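target.pdb follows; it contains PDB, C-alpha atoms and all ligand atoms.
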```
ATOM      1  CA  MET A   1      34.246 -53.792  60.367
ATOM      2  CA  THR A   2      35.866 -57.139  59.554
ATOM      3  CA  GLY A   3      33.048 -59.491  58.824
ATOM      4  CA  MET A   4      31.591 -59.293  62.335
ATOM      5  CA  THR A   5      28.272 -57.957  61.078
ATOM      6  CA  ASP A   6      25.184 -60.084  61.744
ATOM      7  CA  THR A   7      25.157 -62.404  58.717
ATOM      8  CA  SER A   8      21.438 -63.124  59.085
ATOM      9  CA  GLN A   9      21.015 -59.795  57.297
ATOM     10  CA  LEU A  10      23.617 -60.557  54.661
ATOM     11  CA  ILE A  11      23.327 -58.177  51.735
ATOM     12  CA  PRO A  12      22.873 -60.117  48.473
ATOM     13  CA  ILE A  13      25.489 -59.783  45.724
ATOM     14  CA  LEU A  14      23.973 -59.202  42.283
ATOM     15  CA  ILE A  15      24.840 -61.684  39.551
ATOM     16  CA  ALA A  16      25.406 -60.440  35.980
ATOM     17  CA  PRO A  17      23.666 -59.478  33.781
ATOM     18  CA  GLN A  18      22.099 -56.602  35.733
ATOM     19  CA  ALA A  19      21.620 -53.022  34.549
ATOM     20  CA  ILE A  20      23.290 -51.498  37.628
ATOM     21  CA  LEU A  21      26.445 -53.547  36.963
ATOM     22  CA  LYS A  22      26.720 -51.793  33.577
ATOM     23  CA  ALA A  23      26.012 -48.280  34.910
ATOM     24  CA  LYS A  24      28.435 -45.561  35.941
ATOM     25  CA  ALA A  25      28.155 -44.963  39.680
ATOM     26  CA  ARG A  26      28.013 -41.437  41.080
ATOM     27  CA  ALA A  27      30.490 -39.840  43.457
ATOM     28  CA  VAL A  28      29.937 -40.182  47.184
ATOM     29  CA  VAL A  29      29.082 -36.789  48.730
ATOM     30  CA  ALA A  30      28.820 -35.618  52.340
ATOM     31  CA  ALA A  31      25.079 -36.332  52.407
ATOM     32  CA  ASP A  32      25.859 -40.037  51.768
ATOM     33  CA  ALA A  33      27.845 -40.395  55.021
ATOM     34  CA  ALA A  34      25.193 -42.308  57.000
ATOM     35  CA  ARG A  35      24.423 -44.589  54.071
ATOM     36  CA  VAL A  36      28.120 -45.358  53.542
ATOM     37  CA  ARG A  37      28.596 -46.017  57.274
ATOM     38  CA  ASP A  38      25.738 -48.525  57.163
ATOM     39  CA  LEU A  39      26.804 -50.102  53.883
ATOM     40  CA  VAL A  40      30.535 -50.649  54.441
ATOM     41  CA  PRO A  41      30.316 -53.318  57.186
ATOM     42  CA  ARG A  42      27.570 -55.088  55.244
ATOM     43  CA  MET A  43      29.698 -55.066  52.085
ATOM     44  CA  PHE A  44      32.669 -56.493  54.017
ATOM     45  CA  ALA A  45      30.435 -59.192  55.528
ATOM     46  CA  ALA A  46      29.111 -60.207  52.102
ATOM     47  CA  MET A  47      32.620 -60.148  50.618
ATOM     48  CA  TYR A  48      34.191 -62.273  53.387
ATOM     49  CA  LYS A  49      31.293 -64.712  53.289
ATOM     50  CA  ALA A  50      31.495 -65.190  49.502
ATOM     51  CA  PRO A  51      34.556 -65.300  49.910
ATOM     52  CA  GLY A  52      36.160 -62.626  47.776
ATOM     53  CA  ILE A  53      38.903 -59.999  47.946
ATOM     54  CA  GLY A  54      36.959 -57.023  46.636
ATOM     55  CA  LEU A  55      33.387 -55.789  46.309
ATOM     56  CA  ALA A  56      32.035 -52.610  44.746
ATOM     57  CA  ALA A  57      28.796 -50.893  45.800
ATOM     58  CA  PRO A  58      27.036 -51.464  42.424
ATOM     59  CA  GLN A  59      27.422 -55.213  43.076
ATOM     60  CA  VAL A  60      25.054 -54.831  46.025
ATOM     61  CA  GLY A  61      22.708 -52.590  44.051
ATOM     62  CA  VAL A  62      24.058 -49.228  45.208
ATOM     63  CA  GLY A  63      25.221 -46.799  42.514
ATOM     64  CA  LEU A  64      27.886 -45.059  44.589
ATOM     65  CA  ARG A  65      31.640 -44.809  43.962
ATOM     66  CA  LEU A  66      32.496 -46.996  46.916
ATOM     67  CA  ALA A  67      34.379 -50.296  47.128
ATOM     68  CA  VAL A  68      35.888 -52.525  49.775
ATOM     69  CA  VAL A  69      39.027 -54.627  49.374
ATOM     70  CA  ASP A  70      40.851 -57.087  51.586
ATOM     71  CA  LEU A  71      43.654 -59.249  50.189
ATOM     72  CA  MET A  72      44.015 -60.962  53.596
ATOM     73  CA  PRO A  73      47.844 -60.958  53.575
ATOM     74  CA  GLU A  74      49.070 -63.931  55.617
ATOM     75  CA  ASP A  75      45.411 -64.792  56.257
ATOM     76  CA  LYS A  76      44.951 -61.723  58.440
ATOM     77  CA  PRO A  77      42.266 -59.119  57.737
ATOM     78  CA  ALA A  78      43.562 -55.905  56.145
ATOM     79  CA  PRO A  79      40.354 -54.110  55.127
ATOM     80  CA  ILE A  80      40.557 -51.139  52.766
ATOM     81  CA  VAL A  81      37.566 -48.845  52.166
ATOM     82  CA  LEU A  82      37.777 -46.853  48.943
ATOM     83  CA  VAL A  83      35.515 -43.824  48.629
ATOM     84  CA  ASN A  84      35.615 -42.069  45.242
ATOM     85  CA  PRO A  85      38.747 -43.944  44.129
ATOM     86  CA  GLU A  86      40.543 -42.692  41.051
ATOM     87  CA  ILE A  87      43.446 -44.075  39.046
ATOM     88  CA  VAL A  88      45.851 -41.145  38.681
ATOM     89  CA  ALA A  89      48.751 -42.998  37.023
ATOM     90  CA  ARG A  90      49.225 -46.239  35.103
ATOM     91  CA  SER A  91      52.456 -48.013  34.205
ATOM     92  CA  PRO A  92      53.109 -48.529  30.491
ATOM     93  CA  GLU A  93      53.999 -52.144  31.286
ATOM     94  CA  LEU A  94      51.104 -54.567  31.326
ATOM     95  CA  ALA A  95      50.487 -57.633  33.447
ATOM     96  CA  THR A  96      48.175 -60.579  32.889
ATOM     97  CA  ARG A  97      46.463 -62.259  35.783
ATOM     98  CA  GLU A  98      43.527 -64.602  36.215
ATOM     99  CA  GLU A  99      40.481 -62.719  37.491
ATOM    100  CA  GLY A 100      37.108 -63.662  38.800
ATOM    101  CA  CYS A 101      34.201 -61.629  40.136
ATOM    102  CA  LEU A 102      31.550 -62.228  42.781
ATOM    103  CA  SER A 103      28.965 -61.077  40.195
ATOM    104  CA  ILE A 104      30.233 -63.774  37.773
ATOM    105  CA  PRO A 105      30.680 -66.572  40.311
ATOM    106  CA  GLY A 106      32.918 -69.546  39.572
ATOM    107  CA  LEU A 107      34.155 -68.306  36.193
ATOM    108  CA  TYR A 108      37.669 -66.995  35.622
ATOM    109  CA  ALA A 109      39.741 -65.595  32.768
ATOM    110  CA  ASP A 110      43.130 -64.008  32.166
ATOM    111  CA  VAL A 111      42.859 -60.217  32.069
ATOM    112  CA  THR A 112      45.623 -57.892  30.887
ATOM    113  CA  ARG A 113      45.919 -54.497  32.595
ATOM    114  CA  PRO A 114      48.588 -51.926  33.442
ATOM    115  CA  ALA A 115      51.008 -53.692  35.801
ATOM    116  CA  ARG A 116      51.132 -50.825  38.316
ATOM    117  CA  VAL A 117      48.716 -48.056  39.173
ATOM    118  CA  LYS A 118      48.605 -45.093  41.490
ATOM    119  CA  VAL A 119      45.175 -44.755  43.100
ATOM    120  CA  ARG A 120      43.814 -41.801  45.037
ATOM    121  CA  TYR A 121      40.806 -42.304  47.265
ATOM    122  CA  PHE A 122      39.227 -41.243  50.522
ATOM    123  CA  ASP A 123      39.167 -43.708  53.393
ATOM    124  CA  GLN A 124      36.109 -44.167  55.557
ATOM    125  CA  ALA A 125      37.252 -41.389  57.873
ATOM    126  CA  GLY A 126      37.280 -39.051  54.873
ATOM    127  CA  VAL A 127      41.063 -38.838  54.796
ATOM    128  CA  LYS A 128      42.642 -38.581  51.356
ATOM    129  CA  GLN A 129      44.889 -41.558  50.645
ATOM    130  CA  GLU A 130      47.191 -42.519  47.824
ATOM    131  CA  VAL A 131      48.518 -45.982  47.102
ATOM    132  CA  GLU A 132      50.967 -47.254  44.501
ATOM    133  CA  ALA A 133      49.957 -50.813  43.786
ATOM    134  CA  GLU A 134      51.445 -53.702  41.877
ATOM    135  CA  GLY A 135      50.661 -57.397  41.567
ATOM    136  CA  LEU A 136      47.368 -58.625  42.986
ATOM    137  CA  LEU A 137      46.494 -55.310  44.661
ATOM    138  CA  SER A 138      46.965 -53.448  41.375
ATOM    139  CA  ALA A 139      44.653 -55.824  39.495
ATOM    140  CA  CYS A 140      42.124 -55.821  42.330
ATOM    141  CA  LEU A 141      41.966 -52.009  42.554
ATOM    142  CA  GLN A 142      41.575 -51.699  38.779
ATOM    143  CA  HIS A 143      38.871 -54.376  38.802
ATOM    144  CA  GLU A 144      36.912 -52.623  41.587
ATOM    145  CA  ILE A 145      37.262 -49.160  40.044
ATOM    146  CA  ASP A 146      36.052 -50.666  36.745
ATOM    147  CA  HIS A 147      32.882 -51.738  38.576
ATOM    148  CA  LEU A 148      32.214 -48.085  39.448
ATOM    149  CA  ASP A 149      32.268 -47.323  35.712
ATOM    150  CA  GLY A 150      29.985 -50.232  34.816
ATOM    151  CA  VAL A 151      32.842 -52.360  33.497
ATOM    152  CA  LEU A 152      33.212 -56.068  34.314
ATOM    153  CA  PHE A 153      36.388 -58.115  33.845
ATOM    154  CA  VAL A 154      34.749 -59.902  30.913
ATOM    155  CA  ASP A 155      34.572 -56.543  29.110
ATOM    156  CA  HIS A 156      38.381 -56.732  28.800
ATOM    157  CA  LEU A 157      38.162 -60.033  26.918
ATOM    158  CA  SER A 158      37.452 -60.782  23.255
ATOM    159  CA  ILE A 159      33.752 -60.850  22.375
ATOM    160  CA  LEU A 160      34.083 -64.590  21.826
ATOM    161  CA  LYS A 161      35.492 -65.238  25.305
ATOM    162  CA  ARG A 162      33.065 -62.809  26.924
ATOM    163  CA  ASN A 163      30.055 -64.481  25.281
ATOM    164  CA  MET A 164      31.344 -67.901  26.311
ATOM    165  CA  ILE A 165      31.614 -66.847  29.957
ATOM    166  CA  MET A 166      28.233 -65.103  29.984
ATOM    167  CA  ARG A 167      26.590 -68.163  28.422
ATOM    168  CA  LYS A 168      28.187 -70.417  31.043
ATOM    169  CA  LEU A 169      27.018 -68.029  33.762
ATOM    170  CA  ALA A 170      23.440 -68.020  32.448
ATOM    171  CA  LYS A 171      23.451 -71.833  32.296
ATOM    172  CA  GLN A 172      24.900 -72.085  35.810
ATOM    173  CA  GLN A 173      22.274 -69.672  37.178
ATOM    174  CA  ARG A 174      19.497 -71.544  35.393
ATOM    175  CA  GLU A 175      20.658 -74.846  36.901
ATOM    176  CA  LYS A 176      20.952 -73.224  40.329
ATOM    177  CA  ARG A 177      17.388 -71.907  40.084
ATOM    178  CA  ASP A 178      16.147 -75.342  39.020
ATOM    179  CA  ALA A 179      17.995 -76.997  41.935
ATOM    180  CA  ASP A 180      16.603 -74.420  44.403
ATOM    181  CA  ARG A 181      13.102 -75.059  43.066
ATOM    182  CA  ASP A 182      13.490 -78.842  43.382
ATOM    183  CA  GLU A 183      14.528 -78.370  47.021
ATOM    184  CA  ARG A 184      11.315 -76.608  47.909
TER     185      ARG A 184
HETATM  186 NI    NI B   1      34.121 -57.946  40.459
END
```
Spell out the structure here as structure tokens.
Ligand code: NI
Amino acid sequence: MTGMTDTSQLIPILIAPQAILKAKARAVVAADAARVRDLVPRMFAAMYKAPGIGLAAPQVGVGLRLAVVDLMPEDKPAPIVLVNPEIVARSPELATREEGCLSIPGLYADVTRPARVKVRYFDQAGVKQEVEAEGLLSACLQHEIDHLDGVLFVDHLSILKRNMIMRKLAKQQREKRDADRDER
């Protein structure tokens, strides 16, 4: 479960803009169990490889309310699987932190969010969990839950900043495609 999946079958991470990244994902239900079991290790593998600290199912083209997170405290794996996560409380105080996203690779911006949140979710065993998060975990959970509602970190920025980042991303992807083509 911690990046030990065969990486020759690495699941690709979608780069914005993509319709599924803007769509609201649906709740995971019992009938999704096998799919979730298959997907979770592949999502962790893709996330660790990137590397990143969080990945939501829509980022790998799956419209389910499912995300994986690992802040790697002290460089040790601490994987968290979030099934149907929900923010049930937000602090009135805000916090600003630089964010990035595996679907907007290499581009970062300061994002302001509630400083602390209480999140309810089901773990992979189907056990209901509740976490009160602050700092990096708080921002990361809010960022991943945003993904399940079709919201990217750039959507929290001014239109000007958002357009600047999306233009840079498009240029970067164009150059990457050109470089890949020249290699062939
Ligand atoms: Ni993201």
key: Protein and nucleic residues near ligand NI 1 (chain B), 8 Å, all atoms listed in the file, as a PyMOL selection string   = chain A and resi 54-56+59+100-104+143-144+147+152-153
Which region 51-163 of chain A residues have any atom within 6 Å of an atom of region 13-35 of chain A, and for each, what is the nearest pair of atoms with distance in Å to one decimal, counting only C-alpha atoms, rows sorted by chain and number, as a tab-separated table?
```
residue	atom	partner	partner_atom	distance
A:Pro58	CA	A:Leu21	CA	5.9
A:Gln59	CA	A:Leu14	CA	5.3
A:Val60	CA	A:Ile13	CA	5.0
A:Gly63	CA	A:Ala25	CA	4.5
A:Leu64	CA	A:Ala25	CA	4.9
A:Arg65	CA	A:Ala27	CA	5.1
A:Asn84	CA	A:Ala27	CA	5.9
A:Ser103	CA	A:Ile15	CA	4.2
A:Leu148	CA	A:Ala25	CA	5.1
A:Asp149	CA	A:Lys24	CA	4.2
A:Gly150	CA	A:Lys22	CA	3.8
```
inquiry  = Using all atoms listed in the file, can you tell me which of A:Val81, A:Met47, A:Val117, A:Ala89 comes closest to Gln129 (chain A)?
reply    = A:Val81
request  = Translate the PyMOL selection byres (((chain A and resi 42) around 8) and not hetatm), as applied to the file shown, into an explicit residue set as a ChimeraX atom specification.
outcome  = /A:3,5,10-11,38-41,43-46
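One finds CA of Asn163 (chain A) at 22.4 Å from CA of Asp178 (chain A).
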message = Once the PyMOL selection byres (((chain A and resi 71-73) around 10) and not hetatm) has been evaluated on this model, what residues remain selected, and can you format them as number ranges by chain?
response = A: 48, 52-54, 69-70, 74-80, 136-137, 140
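Here CA of Ile87 (chain A) and CA of Asp123 (chain A) stand 15.0 Å from one another.
CA of Ala115 (chain A) is found 6.1 Å from CA of Ser91 (chain A).
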key: Contact residues around Val131 (chain A) with all atoms listed in the file at 9 Å, ignoring same-chain residues under 5 positions, as an MDAnalysis selection string   = chainID A and resid 117:121
task = Using only C-alpha atoms, find the one residue out of A:Ala179, A:Val154, A:Ala57, A:Ile145 that sits nearest to Met166 (chain A).
result =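 That would be A:Val154, the residue with the smallest distance to Met166 (chain A).
Nearest-residue note for Arg167 (chain A): choosing from A:Arg37, A:Val68, A:Leu107, A:Ala50, the minimum distance belongs to A:Leu107, counting only C-alpha atoms.
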request  = Do a neighbour search on His156 (chain A) at 9 Å with only C-alpha atoms, toss out local chain neighbours closer than 6 positions, and write the hits as a PyMOL selection string.
outcome  = chain A and resi 111-113+162
request  = Can you work out which one of A:Met164, A:Val36, A:Leu169, A:Leu157 has the shortest atom-to-atom distance to Gly126 (chain A), counting only C-alpha atoms?
outcome  =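 The shortest atom-to-atom distance to Gly126 (chain A) comes from A:Val36.
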ask   = From the list A:Ala125, A:Val62, A:Ala67, A:Val83, which residue is nearest Leu141 (chain A) when using only C-alpha atoms?
value = A:Ala67
Using all atoms of region 82-94 of chain A listed in the file and a margin of 5 Å per side, can you give the axis-aligned box centre and edge lengths in Å to one decimal, as AutoDock Vina command-line options?
```
--center_x 44.8 --center_y -47.9 --center_z 39.7 --size_x 28.5 --size_y 23.4 --size_z 28.5
```
